[in-house]
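To start, the structure under review is shown below, and the notes come after it.
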Amino acid sequence: HHPRFVVYCRGRDGSTLLVDLLNQLPQVHCDGEILHLPVIAPRLYVRGCQSSAPGGAYGFKLLSYHLTHIQRVSNPAAFLRHLNNSGYKIIHLRRRNLLRQVLSGFYVRHRGGYAGGHQHHRSGDGTPKVTRMTVNIEELDYYLREFERAARNEKATLSGVRSLELIYERDLLQTDDQQDTVDRVAEYLGVRSVPIKASFARLTADDLAEFISNYDEVVRFVEQTDYRRFLSAS
């Protein structure tokens with residue numbers, strides 16, 4: 001019986017990077033967002049993807065809104081419990097800094113969507129060209145609230161289900177932490193780890209002003225909200 005797992009996350013939280021790193025383990029095959037389009041029976045569809053994968057540990061990436069908004073699953077907690085009871089181990093990946101997570105999503109859209117389906121830039125493609133974007137403050141306000149609500153819902157959805165929690169800032173942001181993270185996941189899944197190397201680079205700079213043209217306006221708005229704590233964190 002091969003190990004199975006799901007990377008449960010919200011997106012813009014290093015999940016593409018994590019999947020890329022895990023796929024460097026010889027015993028692991030991790031699919032991307034297999035439920036990003038509506039299917040008639042999501043549970044059966046997952047089983048189908050699993051059975052057509054090569055041997056070894058099988059996993060896939062599941063964005064929380066794919067369950068709620070795309071598959072219209074009425075009870076996401078029951079869906080995750082079903083996966084768990086079917087032998088899937090849950091890896092819950094989250095990002096602490098909601099402001100950066102939202103702005104990162106805006107920036108991907110500003111650059112014309114996901115290049116080749118990826119939210120990151122392949123390191124071998126040279127330095128990504130930084131073009132600045134203008135942030136719509138009303139939209140920023142809306143998505144910060146939405147992401148906060150989603151974070152609460154994810155936590156509730158996972159209550160009572162054993163999971164391995166990974167935090168983007170702590171476990172994936174710095175290249176030096178990535179090997180240790182992959183080693184931990186390998187141990188959790190019961191497969192052997194090997195040396196890994198990230199093939200994705202971040203698209204956004206540490207300094208928000210570098211890629212936001214109305215940076216001062218964004219800061220003025222955020223400083224008046226509960227989200228101001230995210231301004232100083234990376």
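Labeling convention for the structure tokens: chains A, B, ... as they appear, residues from 1 per chain, ligands from 1 in order of appearance.
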Among range 4-107 of chain A, which residues carry a DSSP assignment of alpha helix (DSSP H), reported as a PyMOL selection string?
-> chain A and resi 15-22+42-52+64-65+76-85+98-107
Contacts of Leu62 in chain A at 6 Å (only C-alpha atoms; same-chain gap of 4+ positions) as a list in words |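 Result of the neighbour search: Val7, Tyr8 and Glu33 of chain A.
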Restricting the output to C-alpha atoms, write the selected residues as a PDB file, in the first residue's frame.
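selection_3.pdb written:
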ATOM      1  CA  VAL A   7      -1.191  19.472  -0.015  1.00  0.00           C
ATOM      2  CA  TYR A   8      -4.108  21.545   1.284  1.00  0.00           C
ATOM      3  CA  GLU A  33      -4.363  21.279  -8.921  1.00  0.00           C
TER       4      GLU A  33
END
Identify, on the basis of only C-alpha atoms, every residue whose closest approach to Phe79 in chain A does not exceed 12 Å; exclude the query and any residue fewer than 2 positions from it along the same chain; express the result as a VMD selection string.
-> chain A and resid 6 8 41 to 44 46 62 64 66 to 68 71 to 77 81 to 86 88 90 157 to 158 161
Out of range 78-222 of chain A, which residues get strand (DSSP E or B) from DSSP, as a count of residues only?
-> 20
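The smallest atom-to-atom distance between Phe221 in chain A and any of A:Asp31, A:Asp13, A:Asp177, A:Glu138, using only C-alpha atoms, is found for A:Glu138.
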Go through A:Ala78, A:Ala57, A:Cys30, A:Met133 and flag the residue nearest Ser213 in chain A, using only C-alpha atoms for the distances.
-> A:Met133
Straight-line distance linking CA of Leu37 in chain A with CA of Ile137 in chain A, stated in Å to one decimal =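 For CA of Leu37 in chain A relative to CA of Ile137 in chain A, the distance reads 29.6 Å.
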Could you name the residues that touch Ser163 in chain A at 7 Å or less, counting only C-alpha atoms, but leaving out those on the same chain fewer than 3 positions away, as a PyMOL selection string?
-> chain A and resi 89-92
Residues of the last selection are to be written out with N, CA, C and O atoms, as a compact mmCIF listing (two decimals), in the first residue's frame.
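This is the output file out.txt:
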# COMPACT_ATOMS: atom_id res chain seq x y z
N LYS A 89 -2.66 11.36 3.81
CA LYS A 89 -2.13 12.20 4.87
C LYS A 89 -2.27 13.66 4.41
O LYS A 89 -2.05 13.96 3.23
N ILE A 90 -2.62 14.54 5.33
CA ILE A 90 -2.86 15.94 4.99
C ILE A 90 -1.62 16.78 5.33
O ILE A 90 -1.12 16.72 6.44
N ILE A 91 -1.16 17.52 4.33
CA ILE A 91 -0.11 18.52 4.57
C ILE A 91 -0.80 19.88 4.43
O ILE A 91 -1.28 20.22 3.34
N HIS A 92 -0.89 20.62 5.52
CA HIS A 92 -1.55 21.92 5.46
C HIS A 92 -0.50 23.01 5.34
O HIS A 92 0.29 23.24 6.26
Smallest atom-to-atom distance to Ser193 in chain A: which of A:Gln24, A:Ser52, A:Pro3, A:Tyr45, using only C-alpha atoms?
->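 Answer, going by the shortest atom-to-atom distance: A:Gln24.
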Residue among A:Ser15, A:Glu169, A:His29, A:Ala233 lying closest to His2 in chain A, counting only C-alpha atoms | A:His29
What does the distance from CA of Leu208 in chain A to CA of Val222 in chain A come to in Å, to one decimal?
->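 CA of Leu208 in chain A sits 12.7 Å away from CA of Val222 in chain A.
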